[in-house]
Structures are given as structure tokens and as C-alpha cells.
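**Student:** Next comes entry15.txt, compact mmCIF, C-alpha atoms:
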# COMPACT_ATOMS: atom_id res chain seq x y z
CA MET A 1 8.50 32.73 25.99
CA SER A 2 6.24 32.55 22.93
CA ASP A 3 2.75 34.05 23.07
CA PHE A 4 -0.36 31.91 22.74
CA HIS A 5 -1.95 31.89 19.28
CA GLU A 6 -5.38 30.50 18.55
CA LEU A 7 -4.48 29.50 14.98
CA ILE A 8 -2.19 26.56 14.19
CA LYS A 9 0.42 25.90 11.53
CA SER A 10 0.12 22.12 11.39
CA PHE A 11 -3.12 20.16 11.69
CA PRO A 12 -1.55 16.87 12.93
CA LYS A 13 -0.40 18.63 16.09
CA ILE A 14 -3.94 19.35 17.19
CA ARG A 15 -5.56 16.16 15.84
CA GLU A 16 -4.54 13.98 18.79
CA TYR A 17 -5.72 16.48 21.37
CA VAL A 18 -9.12 16.92 19.73
CA ARG A 19 -9.55 13.15 19.49
CA ASP A 20 -8.52 12.67 23.12
CA PHE A 21 -10.91 15.33 24.35
CA PHE A 22 -13.77 14.00 22.21
CA VAL A 23 -13.30 10.23 22.62
CA TYR A 24 -11.40 10.00 25.90
CA GLY A 25 -12.87 12.91 27.80
CA PHE A 26 -12.03 11.43 31.18
CA LYS A 27 -8.35 12.50 30.90
CA THR A 28 -6.96 15.17 33.18
CA ARG A 29 -4.00 17.43 32.58
CA ASN A 30 -1.64 14.95 34.27
CA ASP A 31 -2.72 12.16 31.89
CA PHE A 32 -1.13 13.92 28.89
CA LYS A 33 2.43 12.77 29.47
CA ASP A 34 3.80 13.14 25.92
CA LYS A 35 3.77 16.94 26.02
CA SER A 36 4.55 19.61 28.57
CA PRO A 37 1.78 21.10 30.75
CA ARG A 38 2.14 24.39 28.84
CA THR A 39 1.49 22.60 25.52
CA TYR A 40 -1.60 20.99 27.01
CA ASP A 41 -2.84 24.35 28.29
CA ASN A 42 -2.41 25.92 24.85
CA GLN A 43 -4.29 23.12 23.11
CA ARG A 44 -7.03 23.23 25.73
CA ARG A 45 -7.46 26.98 25.26
CA ARG A 46 -7.68 26.53 21.50
CA LEU A 47 -10.38 23.90 21.91
CA GLU A 48 -12.34 26.08 24.31
CA SER A 49 -12.15 28.91 21.79
CA TRP A 50 -13.14 26.88 18.73
CA LEU A 51 -15.81 24.67 20.29
CA ALA A 52 -17.02 26.65 23.29
CA PRO A 53 -20.70 25.52 23.17
CA TYR A 54 -19.69 21.84 23.35
CA VAL A 55 -16.92 21.94 25.97
CA ARG A 56 -17.71 20.30 29.29
CA LYS A 57 -15.60 20.22 32.47
CA ASP A 58 -16.03 17.59 35.17
CA TYR A 59 -14.35 17.95 38.53
CA VAL A 60 -12.62 14.83 39.87
CA PRO A 61 -9.87 14.25 42.45
CA GLY A 62 -6.57 15.30 40.94
CA GLY A 63 -7.92 17.75 38.37
CA PHE A 64 -10.79 18.31 35.98
CA PRO A 65 -11.05 16.42 32.67
CA LEU A 66 -12.11 18.38 29.61
CA SER A 67 -14.47 16.69 27.17
CA LEU A 68 -16.63 17.49 24.17
CA ALA A 69 -20.36 16.76 24.52
CA ILE A 70 -21.80 16.59 21.00
CA ASP A 71 -25.20 15.06 20.16
CA SER A 72 -25.26 14.46 16.42
CA ASN A 73 -29.04 14.18 16.00
CA LEU A 74 -29.54 17.74 17.28
CA LEU A 75 -27.00 19.47 15.01
CA ASP A 76 -27.19 20.73 11.44
CA THR A 77 -23.45 20.37 10.82
CA ASN A 78 -20.32 18.80 12.27
CA PRO A 79 -18.80 21.17 14.88
CA LEU A 80 -15.37 19.57 14.38
CA PHE A 81 -15.22 21.11 10.89
CA GLN A 82 -14.17 24.24 12.76
CA VAL A 83 -10.82 22.59 13.50
CA TRP A 84 -10.00 22.57 9.77
CA LYS A 85 -10.57 26.35 9.57
CA THR A 86 -7.87 27.38 12.02
CA LYS A 87 -4.70 27.35 9.93
CA SER A 88 -2.41 30.26 10.70
CA PHE A 89 -1.23 32.73 8.06
CA THR A 90 1.19 35.63 7.74
CA ASP A 91 0.40 39.22 6.81
CA ASN A 92 1.81 38.59 3.34
CA ASP A 93 -0.43 35.52 2.92
CA ILE A 94 -3.61 37.47 3.54
CA ILE A 95 -2.51 40.47 1.46
CA LEU A 96 -1.53 38.36 -1.55
CA HIS A 97 -4.69 36.28 -1.29
CA PHE A 98 -7.07 39.19 -1.76
CA PHE A 99 -4.89 41.29 -4.08
CA ILE A 100 -4.14 38.49 -6.54
CA LEU A 101 -7.78 37.34 -6.71
CA ASP A 102 -8.91 40.96 -7.18
CA LEU A 103 -6.40 41.53 -10.00
CA LEU A 104 -7.65 38.49 -11.89
CA GLN A 105 -11.34 39.08 -11.19
CA ASP A 106 -12.07 40.36 -14.72
CA GLY A 107 -10.86 37.09 -16.32
CA LYS A 108 -7.58 38.38 -17.75
CA MET A 109 -4.40 36.27 -17.85
CA LEU A 110 -1.24 37.65 -16.23
CA SER A 111 2.25 36.30 -15.67
CA ALA A 112 3.88 36.33 -12.23
CA GLU A 113 5.97 39.33 -13.33
CA GLU A 114 2.90 41.24 -14.48
CA ILE A 115 1.05 40.43 -11.25
CA THR A 116 4.03 41.68 -9.23
CA ASP A 117 4.06 44.97 -11.18
CA CYS A 118 0.29 45.43 -10.75
CA LEU A 119 0.54 44.82 -7.01
CA LEU A 120 2.92 47.78 -6.80
CA THR A 121 1.14 50.16 -9.18
CA GLU A 122 -2.46 49.47 -8.16
CA TYR A 123 -2.11 48.63 -4.45
CA GLY A 124 1.28 50.03 -3.50
CA ALA A 125 2.38 46.58 -2.27
CA LEU A 126 5.98 45.62 -3.01
CA PHE A 127 6.66 41.87 -3.28
CA ASP A 128 9.48 39.75 -4.63
CA ILE A 129 8.66 38.01 -7.94
CA GLN A 130 9.55 34.61 -6.52
CA THR A 131 7.15 35.10 -3.61
CA VAL A 132 4.30 35.97 -6.00
CA ARG A 133 5.16 33.04 -8.29
CA ARG A 134 5.13 30.56 -5.39
CA LYS A 135 1.77 31.86 -4.22
CA CYS A 136 0.27 31.62 -7.74
CA ASN A 137 1.61 28.08 -8.22
CA ALA A 138 0.17 27.06 -4.86
CA TYR A 139 -3.24 28.45 -5.81
CA ALA A 140 -3.04 26.69 -9.17
CA ARG A 141 -2.49 23.37 -7.37
CA GLU A 142 -5.48 24.05 -5.13
CA GLY A 143 -7.75 24.94 -8.05
CA LEU A 144 -8.16 28.65 -7.36
CA LEU A 145 -6.14 29.69 -10.40
CA HIS A 146 -5.76 28.28 -13.88
CA LYS A 147 -2.15 27.90 -15.04
CA GLN A 148 -1.28 27.99 -18.74
CA LYS A 149 2.06 28.05 -20.55
CA ILE A 150 2.19 30.12 -23.75
CA LYS A 151 5.50 29.84 -25.58
CA LYS A 152 8.09 30.40 -22.86
CA SER A 153 5.88 32.30 -20.40
CA VAL A 154 3.49 30.99 -17.75
CA PHE A 155 0.21 32.84 -17.24
CA PHE A 156 -2.37 32.67 -14.46
CA SER A 157 -6.09 33.36 -14.57
CA LEU A 158 -8.94 32.98 -12.13
CA ASP A 159 -10.56 29.53 -12.28
CA ASN A 160 -14.33 30.15 -12.04
CA THR A 161 -15.37 26.58 -12.90
CA LEU A 162 -16.71 25.85 -9.43
CA THR A 163 -18.38 29.25 -9.03
CA ASP A 164 -20.12 28.95 -12.40
CA TRP A 165 -21.29 25.43 -11.56
CA LEU A 166 -22.73 26.57 -8.24
CA LYS A 167 -24.62 29.41 -9.93
CA THR A 168 -26.18 27.14 -12.57
CA ASN A 169 -27.45 24.59 -10.01
CA GLU A 170 -30.28 26.20 -8.11
CA ASN A 171 -31.03 23.16 -5.94
CA ILE A 172 -27.45 22.70 -4.81
CA ALA A 173 -28.15 23.79 -1.21
CA ASP A 174 -29.99 20.61 -0.19
CA MET A 175 -27.35 18.42 -1.81
CA LEU A 176 -24.57 20.19 0.09
CA SER A 177 -26.55 19.99 3.33
CA PHE A 178 -26.94 16.23 2.92
CA PHE A 179 -23.34 15.66 1.87
CA GLN A 180 -21.79 17.52 4.79
CA MET A 181 -23.72 15.29 7.21
CA ALA A 182 -23.54 11.92 5.46
CA GLY A 183 -20.44 11.70 3.32
CA ASN A 184 -16.70 11.50 3.73
CA PHE A 185 -14.95 14.86 3.23
CA GLY A 186 -18.05 16.65 4.46
CA ILE A 187 -15.86 19.68 5.17
CA ILE A 188 -15.95 20.40 1.41
CA ALA A 189 -19.74 20.65 1.38
CA ASN A 190 -19.62 22.70 4.57
CA GLU A 191 -17.23 25.23 2.99
CA LEU A 192 -19.37 25.51 -0.14
CA SER A 193 -22.52 25.96 1.95
CA GLU A 194 -20.89 28.84 3.80
CA HIS A 195 -19.77 30.30 0.47
CA LEU A 196 -23.40 30.26 -0.70
CA ASP A 197 -24.58 31.55 2.69
CA CYS A 198 -27.01 28.68 3.17
CA GLN A 199 -27.66 26.47 6.19
CA ASN A 200 -28.77 22.89 6.58
CA GLN A 201 -32.50 23.09 7.31
CA ALA A 202 -33.50 19.64 6.09
CA PHE A 203 -31.25 16.87 7.43
CA ARG A 204 -30.28 15.44 10.80
CA VAL A 205 -28.30 12.24 11.38
CA LYS A 206 -29.19 10.15 14.42
CA HIS A 207 -25.87 8.30 14.63
CA SER A 208 -23.05 10.27 13.07
CA PHE A 209 -19.37 9.71 13.76
CA PHE A 210 -18.22 13.33 13.84
CA VAL A 211 -14.70 12.44 14.99
CA HIS A 212 -13.94 10.79 11.64
CA THR A 213 -13.42 14.19 10.03
CA LEU A 214 -10.06 14.31 11.84
CA GLU A 215 -8.86 11.36 9.69
CA GLU A 216 -9.89 12.75 6.33
CA GLU A 217 -6.54 14.27 5.44
CA ILE A 218 -5.01 10.80 5.83
CA LEU A 219 -7.98 9.23 4.02
CA PHE A 220 -7.49 11.54 1.04
CA GLU A 221 -3.81 10.58 0.76
CA ILE A 222 -4.72 6.89 0.93
CA LEU A 223 -7.45 7.19 -1.72
CA ASP A 224 -5.06 9.13 -3.96
CA ALA A 225 -2.49 6.31 -3.66
CA MET A 226 -5.19 3.73 -4.41
CA HIS A 227 -6.24 5.69 -7.50
CA LYS A 228 -2.64 5.82 -8.71
CA LYS A 229 -2.03 2.18 -7.64
CA LYS A 230 0.95 3.17 -5.52
CA ALA A 231 2.35 1.54 -2.41
CA LEU A 232 2.38 3.54 0.82
CA LYS A 233 4.73 3.84 3.74
CA LEU A 234 2.65 4.30 6.88
CA GLU A 235 3.68 5.82 10.18
CA ILE A 236 1.47 4.21 12.82
CA LYS A 237 1.05 5.07 16.48
CA SER A 238 -0.32 2.23 18.60
CA SER A 239 -3.50 3.17 20.45
CA LYS A 240 -2.54 0.92 23.39
CA ARG A 241 1.23 1.05 23.78
CA GLU A 242 1.88 4.57 22.44
CA MET A 243 4.64 3.16 20.21
CA VAL A 244 5.31 4.54 16.72
CA THR A 245 6.06 1.97 14.01
CA THR A 246 6.24 1.98 10.21
CA ALA A 247 4.76 -0.38 7.65
CA VAL A 248 4.88 -0.57 3.87
CA CYS A 249 1.67 -1.78 2.27
CA ILE A 250 -0.25 -1.66 -0.98
CA PRO A 251 -3.58 0.08 -0.16
CA LEU A 252 -6.55 -1.77 -1.62
CA GLN A 253 -9.80 -0.93 0.20
CA ILE A 254 -11.30 1.07 3.04
CA PHE A 255 -13.42 -0.94 5.47
CA THR A 256 -16.00 0.71 7.75
CA SER A 257 -17.51 -1.02 10.77
CA ALA A 258 -21.30 -1.01 10.58
CA ARG A 259 -21.41 -1.25 14.39
CA SER A 260 -18.82 1.25 15.62
CA GLY A 261 -18.20 3.30 12.47
CA ARG A 262 -14.45 2.79 12.86
CA ARG A 263 -12.58 2.85 9.56
CA PHE A 264 -9.70 0.64 8.46
CA LEU A 265 -7.23 0.59 5.59
CA CYS A 266 -6.94 -2.89 4.12
CA GLY A 267 -3.63 -3.41 2.34
CA TYR A 268 -1.23 -6.09 1.17
CA LEU A 269 2.10 -6.51 2.95
CA GLU A 270 4.79 -7.63 0.55
CA SER A 271 7.13 -8.45 3.45
CA SER A 272 4.82 -11.12 4.89
CA LYS A 273 2.83 -11.93 1.72
CA ARG A 274 -0.53 -11.37 3.42
CA PHE A 275 -3.37 -8.90 3.77
CA SER A 276 -3.64 -6.75 6.86
CA CYS A 277 -5.80 -3.92 8.18
CA PHE A 278 -4.79 -0.68 9.93
CA ARG A 279 -7.10 1.60 11.87
CA LEU A 280 -7.27 4.98 10.17
CA ASP A 281 -7.12 6.85 13.46
CA THR A 282 -3.74 5.27 14.26
CA ILE A 283 -2.11 6.32 10.95
CA LYS A 284 -0.18 9.54 11.53
CA LYS A 285 1.60 10.01 8.23
CA THR A 286 1.73 8.48 4.75
CA LEU A 287 4.45 8.53 2.10
CA PRO A 288 3.63 7.42 -1.48
CA LEU A 289 6.08 4.97 -3.03
CA GLU A 290 6.39 3.29 -6.41
CA ILE A 291 3.52 2.08 -8.62
CA THR A 292 2.46 -1.53 -7.99
CA GLU A 293 2.38 -3.53 -11.22
CA ASN A 294 0.15 -6.35 -9.92
CA TYR A 295 -2.30 -4.02 -8.13
CA ASP A 296 -5.43 -5.29 -9.96
CA GLU A 297 -4.44 -8.90 -9.28
CA LEU A 298 -4.10 -8.22 -5.54
CA LEU A 299 -7.44 -6.40 -5.44
CA THR A 300 -9.17 -9.34 -7.16
CA LYS A 301 -7.61 -11.71 -4.63
CA LEU A 302 -8.83 -9.55 -1.75
CA ILE A 303 -12.39 -9.52 -3.10
CA ARG A 304 -12.30 -13.34 -3.30
CA ASN A 305 -11.25 -13.45 0.34
CA HIS A 306 -14.21 -11.32 1.47
CA ARG A 307 -16.40 -14.42 1.93
CA GLN A 308 -14.07 -15.70 4.67
CA LEU A 309 -13.67 -12.36 6.40
CA TRP A 310 -15.85 -11.81 9.47
CA GLY A 311 -14.43 -8.45 10.53
CA VAL A 312 -11.10 -6.97 9.46
CA SER A 313 -8.63 -9.62 10.59
CA PHE A 314 -6.92 -12.02 8.17
CA GLN A 315 -4.91 -13.63 10.96
CA GLY A 316 -5.80 -17.30 11.32
CA THR A 317 -4.17 -19.82 13.64
CA GLU A 318 -0.64 -21.01 13.00
CA ARG A 319 -1.90 -24.39 11.77
CA HIS A 320 -4.67 -23.13 9.51
CA HIS A 321 -5.14 -20.23 7.14
CA SER A 322 -8.81 -20.20 8.17
CA ASP A 323 -10.84 -21.94 10.87
CA LYS A 324 -14.33 -23.38 11.12
CA ILE A 325 -16.96 -22.75 13.80
CA THR A 326 -19.89 -25.11 14.40
CA MET A 327 -22.59 -23.97 16.80
CA THR A 328 -25.82 -25.73 17.72
CA ILE A 329 -28.70 -23.50 18.81
CA ARG A 330 -32.00 -24.33 20.52
CA ALA A 331 -34.97 -22.23 19.35
CA LEU A 332 -38.52 -23.17 20.28
CA GLU A 333 -40.91 -23.44 17.34
CA PRO A 334 -42.85 -21.54 16.23
CA THR A 335 -42.54 -18.77 18.83
CA GLU A 336 -38.76 -18.43 18.43
CA ASN A 337 -38.40 -18.81 14.67
CA TYR A 338 -36.88 -15.33 14.69
CA ILE A 339 -33.72 -16.88 16.18
CA ALA A 340 -33.12 -18.97 13.06
CA ASP A 341 -33.98 -15.94 10.93
CA ARG A 342 -31.41 -13.93 12.83
CA LEU A 343 -28.74 -16.57 12.23
CA ARG A 344 -29.39 -16.40 8.50
CA ARG A 345 -29.57 -12.61 8.45
CA GLU A 346 -26.50 -11.87 10.59
CA GLY A 347 -24.46 -15.00 9.85
CA ARG A 348 -22.50 -13.40 6.98
CA GLY A 349 -22.65 -16.33 4.61
CA GLY A 350 -22.68 -19.13 7.19
CA THR A 351 -25.00 -22.10 6.66
CA VAL A 352 -28.01 -22.67 8.93
CA THR A 353 -29.38 -26.22 9.01
CA LYS A 354 -32.34 -27.55 10.97
CA ILE A 355 -31.08 -30.84 12.44
CA ALA A 356 -34.04 -31.60 14.72
CA ARG A 357 -37.17 -30.02 16.09
CA ASN A 358 -36.25 -26.79 17.90
CA THR A 359 -32.57 -27.37 17.03
CA TYR A 360 -30.46 -25.56 14.42
CA GLN A 361 -26.82 -25.87 13.45
CA TYR A 362 -24.80 -22.89 12.25
CA GLU A 363 -21.46 -23.39 10.41
CA ILE A 364 -19.00 -20.92 8.95
CA GLU A 365 -15.33 -20.83 7.96
CA VAL A 366 -13.49 -17.54 8.54
CA PHE A 367 -9.94 -16.27 8.87
CA ASP A 368 -10.08 -15.14 12.50
CA CYS A 369 -12.74 -16.79 14.68
CA ASN A 370 -11.84 -14.55 17.61
CA GLU A 371 -13.73 -11.74 15.91
CA MET A 372 -16.95 -13.79 16.07
CA LEU A 373 -17.01 -14.28 19.84
CA PRO A 374 -18.88 -11.03 20.73
CA TRP A 375 -21.64 -11.99 18.29
CA ILE A 376 -21.72 -15.62 19.42
CA ARG A 377 -22.08 -14.56 23.07
CA THR A 378 -25.40 -12.91 22.21
CA PHE A 379 -26.84 -16.43 21.85
CA ILE A 380 -25.76 -17.57 25.32
CA GLY A 381 -28.67 -19.40 26.94
CA ARG A 382 -29.55 -21.05 23.63
CA ILE A 383 -26.21 -22.64 22.66
CA LEU A 384 -26.28 -26.44 23.00
CA SER A 385 -22.74 -26.98 21.70
CA PHE A 386 -19.87 -24.92 20.35
CA HIS A 387 -16.81 -26.21 18.48
CA CYS A 388 -13.99 -24.49 16.63
CA THR A 389 -10.99 -25.89 14.79
CA ALA A 390 -8.97 -23.15 16.53
CA LYS A 391 -8.90 -24.67 20.00
CA SER A 392 -7.72 -21.40 21.53
CA VAL A 393 -11.00 -19.78 20.46
CA GLU A 394 -13.07 -22.68 21.77
CA ASN A 395 -11.23 -22.64 25.10
CA ARG A 396 -11.68 -18.88 25.38
CA PHE A 397 -15.42 -19.22 24.83
CA TYR A 398 -15.84 -21.78 27.61
CA ALA A 399 -13.43 -19.93 29.91
CA ASP A 400 -15.66 -16.86 29.57
CA LEU A 401 -18.64 -19.02 30.52
CA HIS A 402 -16.84 -20.23 33.66
CA VAL A 403 -16.23 -16.61 34.65
CA MET A 404 -19.91 -15.82 34.10
CA TYR A 405 -20.96 -18.84 36.16
CA ARG A 406 -18.88 -17.64 39.09
CA MET A 407 -20.21 -14.09 38.78
CA TYR A 408 -23.84 -15.24 38.94
CA GLY A 409 -23.31 -18.16 41.33
CA ILE A 410 -24.37 -20.80 38.77
CA GLU A 411 -23.40 -24.43 39.30
CA GLU A 412 -20.46 -25.30 37.02
CA ASP A 413 -21.00 -29.07 36.77
CA CYS A 414 -22.44 -28.66 33.30
CA ALA A 415 -19.49 -26.53 32.24
CA ASP A 416 -17.10 -29.43 32.75
CA ASP A 417 -18.60 -31.04 29.65
CA ASN A 418 -18.28 -27.87 27.60
CA THR A 419 -22.00 -27.17 27.56
CA GLU A 420 -24.11 -24.28 28.71
CA PRO A 421 -26.36 -24.52 31.77
CA LYS A 422 -29.88 -25.53 30.80
CA ARG A 423 -32.48 -22.85 30.47
CA SER A 424 -35.32 -22.96 32.95
Can you turn what I pasted into C-alpha cells?
**Tutor:**
Amino acid sequence: MSDFHELIKSFPKIREYVRDFFVYGFKTRNDFKDKSPRTYDNQRRRLESWLAPYVRKDYVPGGFPLSLAIDSNLLDTNPLFQVWKTKSFTDNDIILHFFILDLLQDGKMLSAEEITDCLLTEYGALFDIQTVRRKCNAYAREGLLHKQKIKKSVFFSLDNTLTDWLKTNENIADMLSFFQMAGNFGIIANELSEHLDCQNQAFRVKHSFFVHTLEEEILFEILDAMHKKKALKLEIKSSKREMVTTAVCIPLQIFTSARSGRRFLCGYLESSKRFSCFRLDTIKKTLPLEITENYDELLTKLIRNHRQLWGVSFQGTERHHSDKITMTIRALEPTENYIADRLRREGRGGTVTKIARNTYQYEIEVFDCNEMLPWIRTFIGRILSFHCTAKSVENRFYADLHVMYRMYGIEEDCADDNTEPKRS
């Protein structure tokens, strides 16, 4: 039986558990059916070790769910950054890390063979040349070392570009403090802040989506593919059915919900010749494919389609590529002029027309009218009429009203004519 280790080899293995504990904290041990109870116990112990001040246990029948209680407006950094700092390493990894950087500290250039010899003569550490070369190449890819080929030999030197830049920018601390709280890839600013031994004393964020840091490895791979104009093969795990599927798309843009903060990858599916969006937190793995020749053309087409996009869905009805909603609103003048102002402000390009005193008509054409229903329901009590070319959406709206009537004991005679009950 293997011993428990706090550090992890692979980040994706812990990502789902951290997200479940943070977002779905009502789960008990028996609710994690994909893994064995021992695996759950190990991941729970890791979380309790990494994030002890934020772990909360609630006792319920059948067990006690573990959750993370994090209030963003009280914190100077994202506690979930700690999850990125838990990668396991071997004894050789840690020895080579410090010895190689110490050897190159004076700015000299050495080959892998010379570094191997110096490790033995100066530190008494015997390593295989191939092991040292692999480590130096890995550090060159990560930006720690500078790699240069002179004639037939490859030499390595310490890359001090970042260190020199940090030293020459005296006011860098506030910038890093802001970036780690407000930007994507805030873990980078957090690491640099720790390197400079400075803390965030200036900024707090009232509504911050800390859990998004768990997606940033995937986000980086997507942005890299977008920069190189490459297609991607996505491995997606459904958040509802727990099924794993694959999709090949051309990544074009990242959408972020202004209401929930949830992030989506918008891409073009060659198989169905249409745009589609995928939630970033459902993407488990990406594989870059070939370069897309018509990438700029597809991106231009997507930008044109923005005006008919309410949320993130491009899925219209079978009969129409897009559908039209017409809604008539009653707003008393002048005391309720803010209702018409709200229609113009939140209507996302829809037209607002005054058709009579105290009466306004709102019209818009979008791909998926279903996405509008939550917003439209906020006007219930003022809606005089509602029509949609997608009859399924219209029927759903009035069916929801019938349910509400029954819940509140309201007479439904008016609902038979597809109208709202009159306001008193």
C-alpha cells in the first residue's frame, strides 16, 4: 500500500476535487463515485493541508461534506494559487535545480558536459550527462536558462532578463498586487510578488471568481493555439451526465459572462459548419492540430455574428438560423421612465419604440431566444404581450407563467389569452 504524499505529480488529478469542494461543497464522501474512498481521503487530506484556514465541515445524515469558505473581498490574494505550488519532485530534481543555477550564477556559459563535470568536482554530485542535458533543456523552455548553439556545441547560461527587469522597476509591487487579483494568470504575479517578498496592501476585489485559476492551464493552451491559428482537439467532460466526449474546433475567442463570471471557448466546428461554445471548466485536455488557413476569415465572420448573440449559444430553431422576440411593456410616465431606460441599456442592441402613452415595444433578433428568458422574466408584471418566432420559446414563457399562477393562487383566465394578469 502506497504512503500518502501531500505533493502531486499531475495537476488535472486534483483539479476536479478542488472544484467540487469549492463549488459543490454539499457533497459527502459517498457522492464521489468515480474514485475509491481511499483516493477521496487522500485528496481531502491534501486540501485540508493546503487550505486549512478556509476548510469547513458540515455534519449531515450520512456523512459530513467538506467545503471551502472563501470571501474574496477580505483577502489580499487567491488562496487557490497554493494548489499550483504543490507539484512533487525527486531528490535529483531539487539537487540539480540549486546546483545548476549556482554554477551559472556568475553569468558564464557552460555546455551540458561541462556542467556535469562541475557538479562532480565542485559539489561531489555524480549525474549522467543525459540527465543534466534534459534538465537544462527543460529550464531553457521555461525561461530560466538561455540556450545558445556555437558551432557544434550547445551552451547554457542563466537568463536574468526577468530579474533585471524587476530590479529596474521600483513601483512593480503595486502592479503585481493588482494583477494577481484582477487578471487571468494571476498566479504569475503571485509568484513574482513572493520572489520580491512583497504583499498586496492596496487592492481588494469585491466579486472575484477565485475558482477560475483552476482552468488557466487549459486557457493558456487555448490562447497559444489561437495565437498560432491552430485547430484544437478537445476532451470534454459533461457537467451533468459525467460523460467524456471529444470535439475538434478552431478556437476563435474567449467569452466571459458578466453575470456569473463563467468562461467559454467560442470555436468553429468544421464538421457541422457552425460556431459553438464550450465551458472552460468542462475541458479536460487539449491537443493542437494543424494550422487553419482561413482563420482570419472565420474570426471576421464571428465578429459579424456578435450582434445576434445574446449569450453564448448559436443554436437557433430548426426552421430559422435566428429568431425574433417582440415584447410590449407597460411603464407609467414619468415615474417609471427608468423601465424604458433599462430596456435600452440592457437590451443588447434591441430596438425600443414608444407605441402609446405608458407603452413601449422591444424587438430583437438573436440566435437562441431561450437565453433571453431569465432576463425577460424580470419584467413580469409589466409585460402586456410577448411573441417569438420560435414557438417553443413562446410556449415555454407562458407555461412558466401558468406554473407561477398556480403557485400563488392567481386566476388563470387571463393566461388563456397569452397575457399576464393585470397589475393592481
**Student:** Just checking: using all atoms listed in the file, which residue out of A:Lys284, A:His387, A:Arg263, A:Arg377 ends up closest to Tyr362 (chain A)?
**Tutor:**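 Answer, going by the shortest atom-to-atom distance: A:His387.
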**Student:** Do you have, as CSV, the list of residues of region 191-273 of chain A lying at most 8 Å from region 64-82 of chain A, each with its nearest atom pair and that distance in Å to one decimal, counting all atoms listed in the file and ordered by chain then number?
**Tutor:**
residue,atom,partner,partner_atom,distance
A:Gln199,CA,A:Asp76,CA,7.8
A:Asn200,CA,A:Asp76,CA,5.5
A:Gln201,CA,A:Asp76,CA,7.1
A:Phe203,CA,A:Asp76,CA,6.9
A:Arg204,CA,A:Asn73,CA,5.5
A:Val205,CA,A:Asn73,CA,5.1
A:Lys206,CA,A:Asn73,CA,4.3
A:His207,CA,A:Ser72,CA,6.4
A:Ser208,CA,A:Ser72,CA,5.8
A:Phe210,CA,A:Asn78,CA,6.1
A:Val211,CA,A:Leu80,CA,7.2
A:Thr213,CA,A:Leu80,CA,7.2
A:Leu214,CA,A:Leu80,CA,7.9
**Student:** Residues within 6 Å of Asn358 (chain A), please, as a list in words. Count only C-alpha atoms; anything in the same chain fewer than 6 positions from it doesn't count.
**Tutor:**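 Final neighbour list, sorted by chain and number: Arg330, Ala331, Leu332 and Glu333 of chain A.
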**Student:** Closest to Phe89 (chain A) among A:Ile254, A:Ile8, A:Trp50, A:His212, using all atoms listed in the file?
**Tutor:** A:Ile8
**Student:** Please report the interatomic distance between CA of Arg45 (chain A) and CA of Pro12 (chain A) in Å with one decimal.
**Tutor:**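 Computed distance, CA of Arg45 (chain A) to CA of Pro12 (chain A), equals 17.0 Å.
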**Student:** Mind giving me the straight-line distance from CA of Gln308 (chain A) to CA of Ser322 (chain A) in Å, one decimal?
**Tutor:**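 Taking CA of Gln308 (chain A) as the start and CA of Ser322 (chain A) as the end point, the length is 7.8 Å.
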**Student:** Just give me the gap between CA of Tyr398 (chain A) and CA of Ile355 (chain A) in Å, one decimal is fine.
**Tutor:** 23.3 Å
**Student:** Restricting the calculation to all atoms listed in the file: of A:Thr286, A:Gln43, A:Ser272, A:Gln105, which residue gets closest to Val83 (chain A)?
**Tutor:**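 Among A:Thr286, A:Gln43, A:Ser272, A:Gln105, it is A:Gln43 that comes nearest to Val83 (chain A).
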**Student:** Could you please fill out region 126-131 of chain A with all heavy atoms and send it back as a tab-separated table (two decimals), keeping the file's coordinate frame?
**Tutor:**
chain	number	residue	atom	x	y	z
A	126	LEU	N	4.74	46.07	-2.39
A	126	LEU	CA	5.98	45.62	-3.01
A	126	LEU	C	6.29	44.19	-2.57
A	126	LEU	O	6.45	43.92	-1.37
A	126	LEU	CB	7.13	46.55	-2.62
A	126	LEU	CG	8.52	46.17	-3.17
A	126	LEU	CD1	8.52	46.19	-4.70
A	126	LEU	CD2	9.59	47.11	-2.62
A	127	PHE	N	6.35	43.27	-3.56
A	127	PHE	CA	6.66	41.87	-3.28
A	127	PHE	C	7.73	41.37	-4.24
A	127	PHE	O	7.86	41.86	-5.38
A	127	PHE	CB	5.41	40.99	-3.44
A	127	PHE	CG	4.43	41.12	-2.31
A	127	PHE	CD1	3.35	42.00	-2.41
A	127	PHE	CD2	4.58	40.37	-1.15
A	127	PHE	CE1	2.45	42.12	-1.39
A	127	PHE	CE2	3.67	40.49	-0.12
A	127	PHE	CZ	2.60	41.37	-0.23
A	128	ASP	N	8.49	40.41	-3.79
A	128	ASP	CA	9.48	39.75	-4.63
A	128	ASP	C	8.76	38.86	-5.66
A	128	ASP	O	7.75	38.23	-5.35
A	128	ASP	CB	10.42	38.91	-3.76
A	128	ASP	CG	11.50	38.25	-4.58
A	128	ASP	OD1	12.47	38.94	-4.96
A	128	ASP	OD2	11.36	37.05	-4.86
A	129	ILE	N	9.30	38.80	-6.87
A	129	ILE	CA	8.66	38.01	-7.94
A	129	ILE	C	8.54	36.54	-7.53
A	129	ILE	O	7.53	35.89	-7.79
A	129	ILE	CB	9.44	38.17	-9.26
A	129	ILE	CG1	9.33	39.60	-9.79
A	129	ILE	CG2	8.94	37.17	-10.31
A	129	ILE	CD1	10.10	39.85	-11.07
A	130	GLN	N	9.59	36.02	-6.90
A	130	GLN	CA	9.55	34.61	-6.52
A	130	GLN	C	8.45	34.33	-5.50
A	130	GLN	O	7.82	33.27	-5.53
A	130	GLN	CB	10.92	34.20	-5.94
A	130	GLN	CG	12.05	34.20	-6.97
A	130	GLN	CD	11.77	33.26	-8.13
A	130	GLN	OE1	11.18	32.20	-7.96
A	130	GLN	NE2	12.20	33.67	-9.32
A	131	THR	N	8.22	35.27	-4.60
A	131	THR	CA	7.15	35.10	-3.61
A	131	THR	C	5.78	35.04	-4.30
A	131	THR	O	4.94	34.20	-3.98
A	131	THR	CB	7.17	36.26	-2.60
A	131	THR	OG1	8.44	36.30	-1.95
A	131	THR	CG2	6.06	36.11	-1.57
